[in-house]
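Source file: coords_14.cif (mmCIF, C-alpha atoms)
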data_data
#
loop_
_atom_site.group_PDB
_atom_site.id
_atom_site.type_symbol
_atom_site.label_atom_id
_atom_site.label_comp_id
_atom_site.auth_asym_id
_atom_site.auth_seq_id
_atom_site.Cartn_x
_atom_site.Cartn_y
_atom_site.Cartn_z
ATOM 1 C CA MET E 1 66.139 29.398 -17.689
ATOM 2 C CA ARG E 2 65.366 28.796 -21.339
ATOM 3 C CA GLU E 3 62.419 30.635 -22.842
ATOM 4 C CA ARG E 4 59.679 28.856 -24.718
ATOM 5 C CA ARG E 5 60.039 29.319 -28.450
ATOM 6 C CA THR E 6 56.492 30.154 -29.528
ATOM 7 C CA ASN E 7 55.264 31.433 -32.848
ATOM 8 C CA PRO E 8 54.531 35.212 -32.786
ATOM 9 C CA ILE E 9 50.898 34.486 -33.652
ATOM 10 C CA GLY E 10 50.629 32.136 -30.699
ATOM 11 C CA ARG E 11 52.277 34.654 -28.386
ATOM 12 C CA ALA E 12 49.778 37.312 -29.418
ATOM 13 C CA ALA E 13 46.774 35.022 -28.896
ATOM 14 C CA THR E 14 47.959 33.927 -25.440
ATOM 15 C CA ALA E 15 49.465 37.259 -24.332
ATOM 16 C CA GLY E 16 46.825 37.805 -21.658
ATOM 17 C CA VAL E 17 47.298 34.393 -20.036
ATOM 18 C CA PRO E 18 49.240 34.638 -16.747
ATOM 19 C CA ARG E 19 51.986 32.078 -16.281
ATOM 20 C CA VAL E 20 54.244 30.737 -13.549
ATOM 21 C CA SER E 21 57.396 28.633 -13.793
ATOM 22 C CA ILE E 22 56.978 25.270 -12.052
ATOM 23 C CA GLY E 23 59.577 22.530 -12.396
ATOM 24 C CA GLY E 24 61.253 24.353 -15.271
ATOM 25 C CA LEU E 25 58.223 24.885 -17.535
ATOM 26 C CA ARG E 26 56.032 27.974 -17.860
ATOM 27 C CA LEU E 27 52.480 26.906 -16.998
ATOM 28 C CA ALA E 28 49.211 28.743 -17.539
ATOM 29 C CA VAL E 29 47.615 30.071 -14.355
ATOM 30 C CA LEU E 30 44.105 29.056 -15.406
ATOM 31 C CA ASP E 31 41.514 26.755 -13.909
ATOM 32 C CA LEU E 32 39.465 24.197 -15.849
ATOM 33 C CA ASP E 33 36.665 26.543 -16.825
ATOM 34 C CA GLN E 34 39.038 29.358 -17.782
ATOM 35 C CA THR E 35 41.076 26.996 -19.965
ATOM 36 C CA ALA E 36 37.950 25.724 -21.696
ATOM 37 C CA LYS E 37 36.695 29.271 -22.189
ATOM 38 C CA PHE E 38 40.045 30.250 -23.692
ATOM 39 C CA MET E 39 39.844 27.350 -26.181
ATOM 40 C CA ILE E 40 36.328 28.350 -27.198
ATOM 41 C CA ASP E 41 37.046 32.070 -27.398
ATOM 42 C CA VAL E 42 39.997 31.494 -29.730
ATOM 43 C CA VAL E 43 37.669 30.089 -32.394
ATOM 44 C CA PHE E 44 34.224 31.542 -31.625
ATOM 45 C CA PRO E 45 32.542 33.455 -33.147
ATOM 46 C CA GLN E 46 35.495 33.656 -35.543
ATOM 47 C CA ARG E 47 39.048 32.346 -35.351
ATOM 48 C CA ARG E 48 41.602 34.778 -33.992
ATOM 49 C CA THR E 49 44.644 33.226 -35.705
ATOM 50 C CA ASN E 50 45.530 31.905 -39.158
ATOM 51 C CA ARG E 51 47.176 28.780 -37.795
ATOM 52 C CA PRO E 52 46.180 26.324 -35.070
ATOM 53 C CA LEU E 53 47.023 27.195 -31.498
ATOM 54 C CA TYR E 54 48.993 24.352 -29.927
ATOM 55 C CA LEU E 55 48.017 23.501 -26.339
ATOM 56 C CA THR E 56 49.611 20.741 -24.305
ATOM 57 C CA SER E 57 49.835 19.622 -20.662
ATOM 58 C CA ALA E 58 52.583 18.793 -18.179
ATOM 59 C CA ASN E 59 52.789 16.546 -15.135
ATOM 60 C CA GLY E 60 55.702 15.241 -13.075
ATOM 61 C CA GLU E 61 56.721 12.720 -15.697
ATOM 62 C CA VAL E 62 56.798 15.438 -18.359
ATOM 63 C CA LEU E 63 58.966 17.670 -16.148
ATOM 64 C CA ALA E 64 61.424 14.818 -15.638
ATOM 65 C CA ARG E 65 61.551 13.920 -19.308
ATOM 66 C CA CYS E 66 61.991 17.523 -20.420
ATOM 67 C CA SER E 67 65.004 17.800 -18.112
ATOM 68 C CA THR E 68 66.718 14.743 -19.615
ATOM 69 C CA GLU E 69 65.385 14.505 -23.188
ATOM 70 C CA PRO E 70 66.314 17.530 -25.336
ATOM 71 C CA MET E 71 63.784 16.662 -28.040
ATOM 72 C CA THR E 72 60.912 16.385 -25.559
ATOM 73 C CA ASP E 73 61.982 19.652 -23.946
ATOM 74 C CA ARG E 74 61.979 21.415 -27.318
ATOM 75 C CA LEU E 75 58.563 20.042 -28.262
ATOM 76 C CA PHE E 76 56.971 21.271 -25.030
ATOM 77 C CA ARG E 77 58.620 24.683 -25.142
ATOM 78 C CA SER E 78 57.231 25.224 -28.631
ATOM 79 C CA ALA E 79 53.653 24.976 -27.310
ATOM 80 C CA ASP E 80 51.549 28.138 -27.211
ATOM 81 C CA MET E 81 50.217 27.185 -23.783
ATOM 82 C CA ILE E 82 50.970 24.468 -21.227
ATOM 83 C CA ASN E 83 48.467 23.440 -18.547
ATOM 84 C CA ALA E 84 49.299 21.724 -15.261
ATOM 85 C CA ASP E 85 47.924 18.177 -15.498
ATOM 86 C CA GLY E 86 49.422 17.042 -12.190
ATOM 87 C CA GLN E 87 48.311 17.787 -8.637
ATOM 88 C CA PRO E 88 51.890 17.966 -7.237
ATOM 89 C CA LEU E 89 52.569 20.908 -9.583
ATOM 90 C CA VAL E 90 49.548 22.732 -8.166
ATOM 91 C CA THR E 91 50.524 21.946 -4.577
ATOM 92 C CA VAL E 92 54.095 23.203 -5.008
ATOM 93 C CA SER E 93 52.875 26.427 -6.613
ATOM 94 C CA ARG E 94 50.828 27.206 -3.511
ATOM 95 C CA PHE E 95 53.923 27.194 -1.303
ATOM 96 C CA ARG E 96 55.616 29.801 -3.502
ATOM 97 C CA PRO E 97 55.051 33.551 -3.231
ATOM 98 C CA GLY E 98 53.170 35.209 -6.056
ATOM 99 C CA ARG E 99 50.799 33.453 -8.409
ATOM 100 C CA ALA E 100 49.634 29.935 -7.628
ATOM 101 C CA LEU E 101 48.019 27.460 -9.992
ATOM 102 C CA PRO E 102 44.286 27.505 -9.147
ATOM 103 C CA GLU E 103 43.706 23.809 -9.789
ATOM 104 C CA ARG E 104 44.818 20.816 -11.776
ATOM 105 C CA VAL E 105 43.686 20.994 -15.399
ATOM 106 C CA ALA E 106 43.463 17.304 -16.240
ATOM 107 C CA THR E 107 42.707 16.718 -19.913
ATOM 108 C CA THR E 108 40.233 13.997 -18.942
ATOM 109 C CA ASP E 109 38.215 16.666 -17.094
ATOM 110 C CA LEU E 110 38.911 19.493 -19.531
ATOM 111 C CA PHE E 111 37.475 17.546 -22.455
ATOM 112 C CA HIS E 112 34.009 17.477 -20.914
ATOM 113 C CA VAL E 113 34.000 21.170 -20.021
ATOM 114 C CA VAL E 114 35.075 22.063 -23.561
ATOM 115 C CA ALA E 115 32.549 19.628 -25.055
ATOM 116 C CA ARG E 116 29.656 21.263 -23.199
ATOM 117 C CA LYS E 117 30.739 24.732 -24.287
ATOM 118 C CA ALA E 118 31.383 23.605 -27.875
ATOM 119 C CA GLN E 119 27.990 21.919 -28.051
ATOM 120 C CA ALA E 120 26.304 25.159 -26.954
ATOM 121 C CA SER E 121 28.333 27.222 -29.453
ATOM 122 C CA GLY E 122 28.018 24.859 -32.425
ATOM 123 C CA LEU E 123 31.766 24.240 -32.637
ATOM 124 C CA THR E 124 33.303 21.120 -34.150
ATOM 125 C CA PHE E 125 35.667 18.398 -32.904
ATOM 126 C CA TYR E 126 37.966 15.901 -34.590
ATOM 127 C CA MET E 127 39.299 13.030 -32.438
ATOM 128 C CA PHE E 128 42.606 11.536 -33.586
ATOM 129 C CA GLY E 129 44.536 8.864 -31.730
ATOM 130 C CA ALA E 130 44.540 5.561 -29.810
ATOM 131 C CA ASP E 131 43.886 2.294 -31.647
ATOM 132 C CA GLU E 132 40.893 1.706 -33.872
ATOM 133 C CA GLU E 133 38.742 -0.006 -31.247
ATOM 134 C CA GLU E 134 39.477 2.524 -28.506
ATOM 135 C CA ASN E 135 38.949 5.465 -30.837
ATOM 136 C CA ALA E 136 35.592 4.172 -32.070
ATOM 137 C CA ALA E 137 34.378 3.413 -28.534
ATOM 138 C CA ALA E 138 35.478 6.834 -27.279
ATOM 139 C CA VAL E 139 33.671 8.633 -30.107
ATOM 140 C CA ALA E 140 30.522 6.556 -29.599
ATOM 141 C CA ASN E 141 30.440 7.391 -25.890
ATOM 142 C CA VAL E 142 31.064 11.090 -26.515
ATOM 143 C CA ARG E 143 28.222 11.194 -29.045
ATOM 144 C CA GLU E 144 25.938 9.584 -26.488
ATOM 145 C CA MET E 145 26.961 12.032 -23.747
ATOM 146 C CA TYR E 146 26.779 15.102 -26.008
ATOM 147 C CA PRO E 147 24.251 14.353 -28.752
ATOM 148 C CA ASP E 148 24.375 17.880 -30.184
ATOM 149 C CA LEU E 149 28.170 18.054 -30.318
ATOM 150 C CA LYS E 150 29.472 18.168 -33.884
ATOM 151 C CA ILE E 151 32.228 15.567 -34.322
ATOM 152 C CA VAL E 152 33.214 16.023 -37.961
ATOM 153 C CA GLY E 153 35.561 13.040 -38.017
ATOM 154 C CA HIS E 154 37.759 10.642 -36.104
ATOM 155 C CA SER E 155 40.622 8.246 -36.730
ATOM 156 C CA HIS E 156 42.922 5.894 -34.870
ATOM 157 C CA GLY E 157 46.513 7.027 -34.560
ATOM 158 C CA TYR E 158 48.319 4.019 -36.006
ATOM 159 C CA LEU E 159 49.060 5.599 -39.363
ATOM 160 C CA ARG E 160 52.410 6.136 -41.031
ATOM 161 C CA GLY E 161 53.839 7.535 -44.242
ATOM 162 C CA ASP E 162 51.419 8.310 -47.051
ATOM 163 C CA ALA E 163 48.417 7.115 -45.032
ATOM 164 C CA LEU E 164 49.228 9.578 -42.256
ATOM 165 C CA ARG E 165 49.819 12.469 -44.654
ATOM 166 C CA ALA E 166 46.507 11.707 -46.389
ATOM 167 C CA LYS E 167 44.731 11.673 -43.036
ATOM 168 C CA VAL E 168 46.250 15.044 -42.119
ATOM 169 C CA ASP E 169 44.977 16.460 -45.422
ATOM 170 C CA GLU E 170 41.544 15.012 -44.655
ATOM 171 C CA ILE E 171 41.502 16.605 -41.204
ATOM 172 C CA ASN E 172 42.510 19.958 -42.640
ATOM 173 C CA GLY E 173 39.754 19.706 -45.229
ATOM 174 C CA LEU E 174 37.174 19.088 -42.508
ATOM 175 C CA ALA E 175 38.479 22.197 -40.680
ATOM 176 C CA PRO E 176 37.548 21.229 -37.092
ATOM 177 C CA ASP E 177 37.537 23.981 -34.527
ATOM 178 C CA ILE E 178 39.296 21.725 -32.023
ATOM 179 C CA LEU E 179 41.508 18.740 -32.870
ATOM 180 C CA TRP E 180 42.170 16.340 -29.990
ATOM 181 C CA VAL E 181 45.402 14.379 -30.574
ATOM 182 C CA ALA E 182 45.869 11.375 -28.283
ATOM 183 C CA LEU E 183 49.134 9.618 -29.137
ATOM 184 C CA GLY E 184 51.073 9.863 -25.874
ATOM 185 C CA VAL E 185 54.214 11.829 -24.999
ATOM 186 C CA PRO E 186 56.235 12.736 -27.029
ATOM 187 C CA TYR E 187 54.541 11.343 -30.139
ATOM 188 C CA GLU E 188 51.568 13.694 -30.033
ATOM 189 C CA GLN E 189 53.830 16.709 -29.568
ATOM 190 C CA SER E 190 55.991 15.499 -32.453
ATOM 191 C CA PHE E 191 52.855 15.098 -34.588
ATOM 192 C CA VAL E 192 51.957 18.729 -33.918
ATOM 193 C CA GLU E 193 55.441 19.968 -34.785
ATOM 194 C CA GLN E 194 55.498 18.009 -38.040
ATOM 195 C CA PHE E 195 52.007 18.697 -39.294
ATOM 196 C CA ILE E 196 50.895 22.041 -37.915
ATOM 197 C CA PRO E 197 51.868 23.765 -41.207
ATOM 198 C CA GLN E 198 49.444 21.431 -43.030
ATOM 199 C CA LEU E 199 46.596 22.044 -40.553
ATOM 200 C CA SER E 200 45.938 25.710 -41.254
ATOM 201 C CA ASN E 201 42.155 25.191 -41.240
ATOM 202 C CA VAL E 202 42.181 23.846 -37.668
ATOM 203 C CA GLY E 203 41.455 26.223 -34.788
ATOM 204 C CA VAL E 204 43.073 24.599 -31.738
ATOM 205 C CA ILE E 205 45.142 21.435 -31.342
ATOM 206 C CA LYS E 206 45.033 19.926 -27.843
ATOM 207 C CA THR E 207 47.347 17.018 -27.063
ATOM 208 C CA SER E 208 45.474 14.481 -24.983
ATOM 209 C CA GLY E 209 47.611 11.565 -23.772
ATOM 210 C CA GLY E 210 45.403 8.650 -22.699
ATOM 211 C CA LEU E 211 42.154 10.644 -22.914
ATOM 212 C CA PHE E 212 40.441 8.297 -25.346
ATOM 213 C CA ASN E 213 41.049 5.305 -23.055
ATOM 214 C CA PHE E 214 39.039 7.054 -20.360
ATOM 215 C CA LEU E 215 36.347 8.191 -22.789
ATOM 216 C CA SER E 216 35.999 4.639 -24.131
ATOM 217 C CA GLY E 217 35.590 3.267 -20.611
ATOM 218 C CA SER E 218 38.536 0.856 -20.886
ATOM 219 C CA ARG E 219 40.460 2.711 -18.172
ATOM 220 C CA ALA E 220 39.089 4.033 -14.871
ATOM 221 C CA ARG E 221 40.051 7.289 -13.149
ATOM 222 C CA ALA E 222 41.563 7.153 -9.704
ATOM 223 C CA PRO E 223 39.238 7.858 -6.764
ATOM 224 C CA ARG E 224 38.749 11.570 -6.179
ATOM 225 C CA TRP E 225 40.674 11.522 -2.906
ATOM 226 C CA MET E 226 43.735 10.082 -4.668
ATOM 227 C CA GLN E 227 43.485 12.722 -7.379
ATOM 228 C CA GLY E 228 43.218 15.460 -4.751
ATOM 229 C CA VAL E 229 46.389 14.448 -2.883
ATOM 230 C CA GLY E 230 48.441 13.829 -6.013
ATOM 231 C CA LEU E 231 48.434 10.023 -5.926
ATOM 232 C CA GLU E 232 46.793 9.278 -9.269
ATOM 233 C CA TRP E 233 50.156 7.914 -10.441
ATOM 234 C CA ALA E 234 49.952 5.233 -7.708
ATOM 235 C CA TRP E 235 46.496 4.238 -8.932
ATOM 236 C CA ARG E 236 47.842 3.921 -12.463
ATOM 237 C CA ILE E 237 50.736 1.743 -11.294
ATOM 238 C CA TRP E 238 48.269 -0.507 -9.496
ATOM 239 C CA LEU E 239 46.288 -0.900 -12.740
ATOM 240 C CA GLU E 240 49.312 -1.305 -15.055
ATOM 241 C CA PRO E 241 52.322 -2.346 -12.942
ATOM 242 C CA ARG E 242 54.390 -3.899 -15.729
ATOM 243 C CA ARG E 243 54.126 -0.852 -17.979
ATOM 244 C CA LEU E 244 54.306 1.942 -15.422
ATOM 245 C CA PHE E 245 56.277 0.810 -12.359
ATOM 246 C CA TRP E 246 59.740 1.486 -13.773
ATOM 247 C CA ARG E 247 58.594 4.681 -15.489
ATOM 248 C CA TYR E 248 57.403 6.267 -12.267
ATOM 249 C CA LEU E 249 60.297 4.855 -10.256
ATOM 250 C CA THR E 250 62.698 6.760 -12.496
ATOM 251 C CA THR E 251 60.704 9.948 -13.143
ATOM 252 C CA ASN E 252 59.100 10.699 -9.754
ATOM 253 C CA PRO E 253 62.345 11.457 -7.850
ATOM 254 C CA ARG E 254 63.563 13.644 -10.718
ATOM 255 C CA ALA E 255 60.222 15.469 -10.846
ATOM 256 C CA LEU E 256 60.353 16.131 -7.091
ATOM 257 C CA TYR E 257 63.846 17.615 -7.428
ATOM 258 C CA LEU E 258 62.696 19.876 -10.264
ATOM 259 C CA LEU E 259 59.587 21.009 -8.393
ATOM 260 C CA VAL E 260 61.706 22.079 -5.440
ATOM 261 C CA ASN E 261 64.619 23.589 -7.345
ATOM 262 C CA ARG E 262 63.238 24.879 -10.651
ATOM 263 C CA SER E 263 60.068 26.699 -9.690
ATOM 264 C CA ASP E 264 59.549 30.448 -9.376
ATOM 265 C CA PRO E 265 60.865 31.658 -5.991
#
Give the structure from this file in structure tokens form.
Amino acid sequence: MRERRTNPIGRAATAGVPRVSIGGLRLAVLDLDQTAKFMIDVVFPQRRTNRPLYLTSANGEVLARCSTEPMTDRLFRSADMINADGQPLVTVSRFRPGRALPERVATTDLFHVVARKAQASGLTFYMFGADEEENAAAVANVREMYPDLKIVGHSHGYLRGDALRAKVDEINGLAPDILWVALGVPYEQSFVEQFIPQLSNVGVIKTSGGLFNFLSGSRARAPRWMQGVGLEWAWRIWLEPRRLFWRYLTTNPRALYLLVNRSDP
């Protein structure tokens, strides 16, 4: 099995995090609160690294894509830490001897745990991604939910060329403790790879998928029972059949194969 190619600084900062191989990726054996605490501890009271730590998340679709898309595989393996954002990954881990994943660390849940801790610690956020309307609505709702949270800036993600490079320079100048990047797989991972050298003043970069759509209120979470049994993908297909039906039809069988055959024995 290929090893993740992490920066030595990232390896040192995450050395104490236990991991288990599920579906071919090494995932952090942390629950929601532990993951949030890790993100806070990395930057508070002072930053432990001189470059951003890169955190991302994997679900069944990600496992399938990493197994068939070399670029996506490389981008995920370069992360300093990968969380399990998929209930089937957690369930499979519990049928294996040794360490099991304690729970699903969905970014849509993680954001709120981190926000509460950041608000109490005086840490800062920058929210980058989605379109202009979704981004603005997400930020407005977050400010209402967490009035003492310091959001030093935000921007939609539809930027290219000089405009994008200027925005990256602006983000670095604002030096947020945590930068949430919501561009979707693999664009957000590619953004991190390209620009992490220019974001030296940022503490942690967390890729976030469709997080801002949930924060804005334009997209609803699946019922809790569906989340608990690993059927959130079915809920998403019901909401967006034209966009997601073929995606899940092609990735779910591959993900199941990987979960059975490429997880720690």
Using only C-alpha atoms, can you tell me which of E:His154, E:Arg165, E:Lys206, E:Arg262 comes closest to E:Leu53?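 Smallest separation from E:Leu53 among the options: E:Lys206.
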Can you tell me, as JSON, numbers by chain, what residues are no more than 9 Å from stretch 179-192 of chain E when counting all atoms listed in the file, ignoring any on the same chain fewer than 4 positions away? {"E": [54, 56, 62, 71, 72, 75, 76, 79, 111, 124, 125, 126, 127, 128, 129, 130, 157, 158, 171, 196, 197, 202, 203, 204, 205, 206, 207, 208, 209, 210, 211, 212]}
Write out, as an mmCIF file, keeping the file's coordinate frame, the residues just selected, with C-alpha atoms.
data_model
loop_
_atom_site.group_PDB
_atom_site.id
_atom_site.type_symbol
_atom_site.label_atom_id
_atom_site.label_comp_id
_atom_site.auth_asym_id
_atom_site.auth_seq_id
_atom_site.Cartn_x
_atom_site.Cartn_y
_atom_site.Cartn_z
ATOM 1 C CA TYR E 54 48.993 24.352 -29.927
ATOM 2 C CA THR E 56 49.611 20.741 -24.305
ATOM 3 C CA VAL E 62 56.798 15.438 -18.359
ATOM 4 C CA MET E 71 63.784 16.662 -28.040
ATOM 5 C CA THR E 72 60.912 16.385 -25.559
ATOM 6 C CA LEU E 75 58.563 20.042 -28.262
ATOM 7 C CA PHE E 76 56.971 21.271 -25.030
ATOM 8 C CA ALA E 79 53.653 24.976 -27.310
ATOM 9 C CA PHE E 111 37.475 17.546 -22.455
ATOM 10 C CA THR E 124 33.303 21.120 -34.150
ATOM 11 C CA PHE E 125 35.667 18.398 -32.904
ATOM 12 C CA TYR E 126 37.966 15.901 -34.590
ATOM 13 C CA MET E 127 39.299 13.030 -32.438
ATOM 14 C CA PHE E 128 42.606 11.536 -33.586
ATOM 15 C CA GLY E 129 44.536 8.864 -31.730
ATOM 16 C CA ALA E 130 44.540 5.561 -29.810
ATOM 17 C CA GLY E 157 46.513 7.027 -34.560
ATOM 18 C CA TYR E 158 48.319 4.019 -36.006
ATOM 19 C CA ILE E 171 41.502 16.605 -41.204
ATOM 20 C CA ILE E 196 50.895 22.041 -37.915
ATOM 21 C CA PRO E 197 51.868 23.765 -41.207
ATOM 22 C CA VAL E 202 42.181 23.846 -37.668
ATOM 23 C CA GLY E 203 41.455 26.223 -34.788
ATOM 24 C CA VAL E 204 43.073 24.599 -31.738
ATOM 25 C CA ILE E 205 45.142 21.435 -31.342
ATOM 26 C CA LYS E 206 45.033 19.926 -27.843
ATOM 27 C CA THR E 207 47.347 17.018 -27.063
ATOM 28 C CA SER E 208 45.474 14.481 -24.983
ATOM 29 C CA GLY E 209 47.611 11.565 -23.772
ATOM 30 C CA GLY E 210 45.403 8.650 -22.699
ATOM 31 C CA LEU E 211 42.154 10.644 -22.914
ATOM 32 C CA PHE E 212 40.441 8.297 -25.346
#
Give me the residues near E:Val139 as a list in words, where near means some atom within 9 Å (using all atoms listed in the file) and where sequence neighbours in that chain fewer than 4 positions away do not count.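 Returned residues: Met127, Glu134, Asn135, Arg143, Glu144, Ile151, His154, Phe212, Leu215 and Ser216 of chain E.
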For E:Ala100, the nearest of the candidates E:Thr68, E:Ser121, E:Ser21, E:Asn252, counting all atoms listed in the file: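 Checking each candidate against E:Ala100, we get E:Ser21 as the closest.
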Nearest residue to E:Val105 out of E:Val29, E:Leu123, E:Ile40, E:Leu159, using all atoms listed in the file?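 Comparing E:Val29, E:Leu123, E:Ile40, E:Leu159 against E:Val105, the winner is E:Val29.
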Each side padded by 5 Å, which centre and which edge lengths in Å (one decimal) define the axis-aligned box around the listed atoms of stretch 161-167 of chain E? Give them as AutoDock Vina command-line options.
--center_x 49.3 --center_y 9.8 --center_z -44.7 --size_x 19.1 --size_y 15.4 --size_z 14.8
Considering all atoms listed in the file, state which residue in the set E:Gly24, E:Gly98, E:Pro241, E:Gly217 is at the smallest distance from E:Gly60. E:Gly24
Mind giving me the straight-line distance from atom CA of E:Ser155 to atom CA of E:Gln194 in Å, one decimal? 17.8 Å
Contacts of E:Met81 at 10 Å (all atoms listed in the file; same-chain gap of 6+ positions) as a ChimeraX atom specification: /E:4,6,10-11,13-14,17,19,26-28,35,53-57,206
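Between atom CA of E:Asp41 and atom CA of E:Ala15 the interatomic distance comes to 13.8 Å.
Distance-wise, atom CA of E:Thr91 and atom CA of E:Leu110 end up 19.1 Å apart.
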What does the PyMOL selection byres ((chain E and resi 37) around 12) select in this file, as a PyMOL selection string? chain E and resi 17+30-36+38-44+110-111+113-118+121
If we count all atoms listed in the file, what is near E:Phe214 at a cut-off of 10 Å, once residues fewer than 4 positions away on the same chain are taken out, given as an MDAnalysis selection string? chainID E and resid 108 134 138 210 218:221
With distances taken over only C-alpha atoms, which residue among E:Ala137, E:Val152, E:Met145, E:Val20 lies nearest E:Asn213? E:Ala137
Take the point (54.5, 17.1, -17.5) as written in the file and pick out every residue within 10 Å of it, counting only C-alpha atoms; give the list as a ChimeraX atom specification. /E:23,25,56-66,76,82-86,89,185,255
Any chance you can output those residues with C-alpha atoms as a tab-separated table (two decimals), keeping the file's coordinate frame?
chain	number	residue	atom	x	y	z
E	23	GLY	CA	59.58	22.53	-12.40
E	25	LEU	CA	58.22	24.88	-17.54
E	56	THR	CA	49.61	20.74	-24.30
E	57	SER	CA	49.84	19.62	-20.66
E	58	ALA	CA	52.58	18.79	-18.18
E	59	ASN	CA	52.79	16.55	-15.14
E	60	GLY	CA	55.70	15.24	-13.08
E	61	GLU	CA	56.72	12.72	-15.70
E	62	VAL	CA	56.80	15.44	-18.36
E	63	LEU	CA	58.97	17.67	-16.15
E	64	ALA	CA	61.42	14.82	-15.64
E	65	ARG	CA	61.55	13.92	-19.31
E	66	CYS	CA	61.99	17.52	-20.42
E	76	PHE	CA	56.97	21.27	-25.03
E	82	ILE	CA	50.97	24.47	-21.23
E	83	ASN	CA	48.47	23.44	-18.55
E	84	ALA	CA	49.30	21.72	-15.26
E	85	ASP	CA	47.92	18.18	-15.50
E	86	GLY	CA	49.42	17.04	-12.19
E	89	LEU	CA	52.57	20.91	-9.58
E	185	VAL	CA	54.21	11.83	-25.00
E	255	ALA	CA	60.22	15.47	-10.85
Measuring between all atoms listed in the file, which one of E:Arg160, E:Lys167, E:Lys150, E:Arg47 shows the shortest distance to E:Ala120?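 The shortest atom-to-atom distance to E:Ala120 comes from E:Lys150.
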For stretch 100-114 of chain E, supply N, CA and C atoms and report the output as an mmCIF file, in the frame of the given file.
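That gives us result34.cif:
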data_model
loop_
_atom_site.group_PDB
_atom_site.id
_atom_site.type_symbol
_atom_site.label_atom_id
_atom_site.label_comp_id
_atom_site.auth_asym_id
_atom_site.auth_seq_id
_atom_site.Cartn_x
_atom_site.Cartn_y
_atom_site.Cartn_z
ATOM 1 N N ALA E 100 49.733 31.377 -7.819
ATOM 2 C CA ALA E 100 49.634 29.935 -7.628
ATOM 3 C C ALA E 100 48.696 29.362 -8.683
ATOM 4 N N LEU E 101 48.923 28.132 -9.073
ATOM 5 C CA LEU E 101 48.019 27.460 -9.992
ATOM 6 C C LEU E 101 46.692 27.211 -9.277
ATOM 7 N N PRO E 102 45.566 27.616 -9.862
ATOM 8 C CA PRO E 102 44.286 27.505 -9.147
ATOM 9 C C PRO E 102 43.808 26.072 -8.949
ATOM 10 N N GLU E 103 44.100 25.209 -9.908
ATOM 11 C CA GLU E 103 43.706 23.809 -9.789
ATOM 12 C C GLU E 103 44.376 23.005 -10.895
ATOM 13 N N ARG E 104 44.299 21.701 -10.746
ATOM 14 C CA ARG E 104 44.818 20.816 -11.776
ATOM 15 C C ARG E 104 43.886 20.850 -12.983
ATOM 16 N N VAL E 105 44.472 20.999 -14.167
ATOM 17 C CA VAL E 105 43.686 20.994 -15.399
ATOM 18 C C VAL E 105 43.949 19.671 -16.121
ATOM 19 N N ALA E 106 43.309 18.622 -15.631
ATOM 20 C CA ALA E 106 43.463 17.304 -16.240
ATOM 21 C C ALA E 106 42.701 17.262 -17.568
ATOM 22 N N THR E 107 43.348 16.758 -18.596
ATOM 23 C CA THR E 107 42.707 16.718 -19.913
ATOM 24 C C THR E 107 41.443 15.881 -19.881
ATOM 25 N N THR E 108 41.422 14.840 -19.053
ATOM 26 C CA THR E 108 40.233 13.997 -18.942
ATOM 27 C C THR E 108 39.041 14.749 -18.367
ATOM 28 N N ASP E 109 39.292 15.796 -17.581
ATOM 29 C CA ASP E 109 38.215 16.666 -17.094
ATOM 30 C C ASP E 109 37.958 17.809 -18.073
ATOM 31 N N LEU E 110 39.028 18.359 -18.613
ATOM 32 C CA LEU E 110 38.911 19.493 -19.531
ATOM 33 C C LEU E 110 38.060 19.144 -20.746
ATOM 34 N N PHE E 111 38.216 17.937 -21.262
ATOM 35 C CA PHE E 111 37.475 17.546 -22.455
ATOM 36 C C PHE E 111 35.983 17.767 -22.270
ATOM 37 N N HIS E 112 35.455 17.384 -21.122
ATOM 38 C CA HIS E 112 34.009 17.477 -20.914
ATOM 39 C C HIS E 112 33.546 18.927 -20.770
ATOM 40 N N VAL E 113 34.364 19.758 -20.139
ATOM 41 C CA VAL E 113 34.000 21.170 -20.021
ATOM 42 C C VAL E 113 33.987 21.819 -21.402
ATOM 43 N N VAL E 114 35.014 21.518 -22.206
ATOM 44 C CA VAL E 114 35.075 22.063 -23.561
ATOM 45 C C VAL E 114 33.930 21.517 -24.407
#
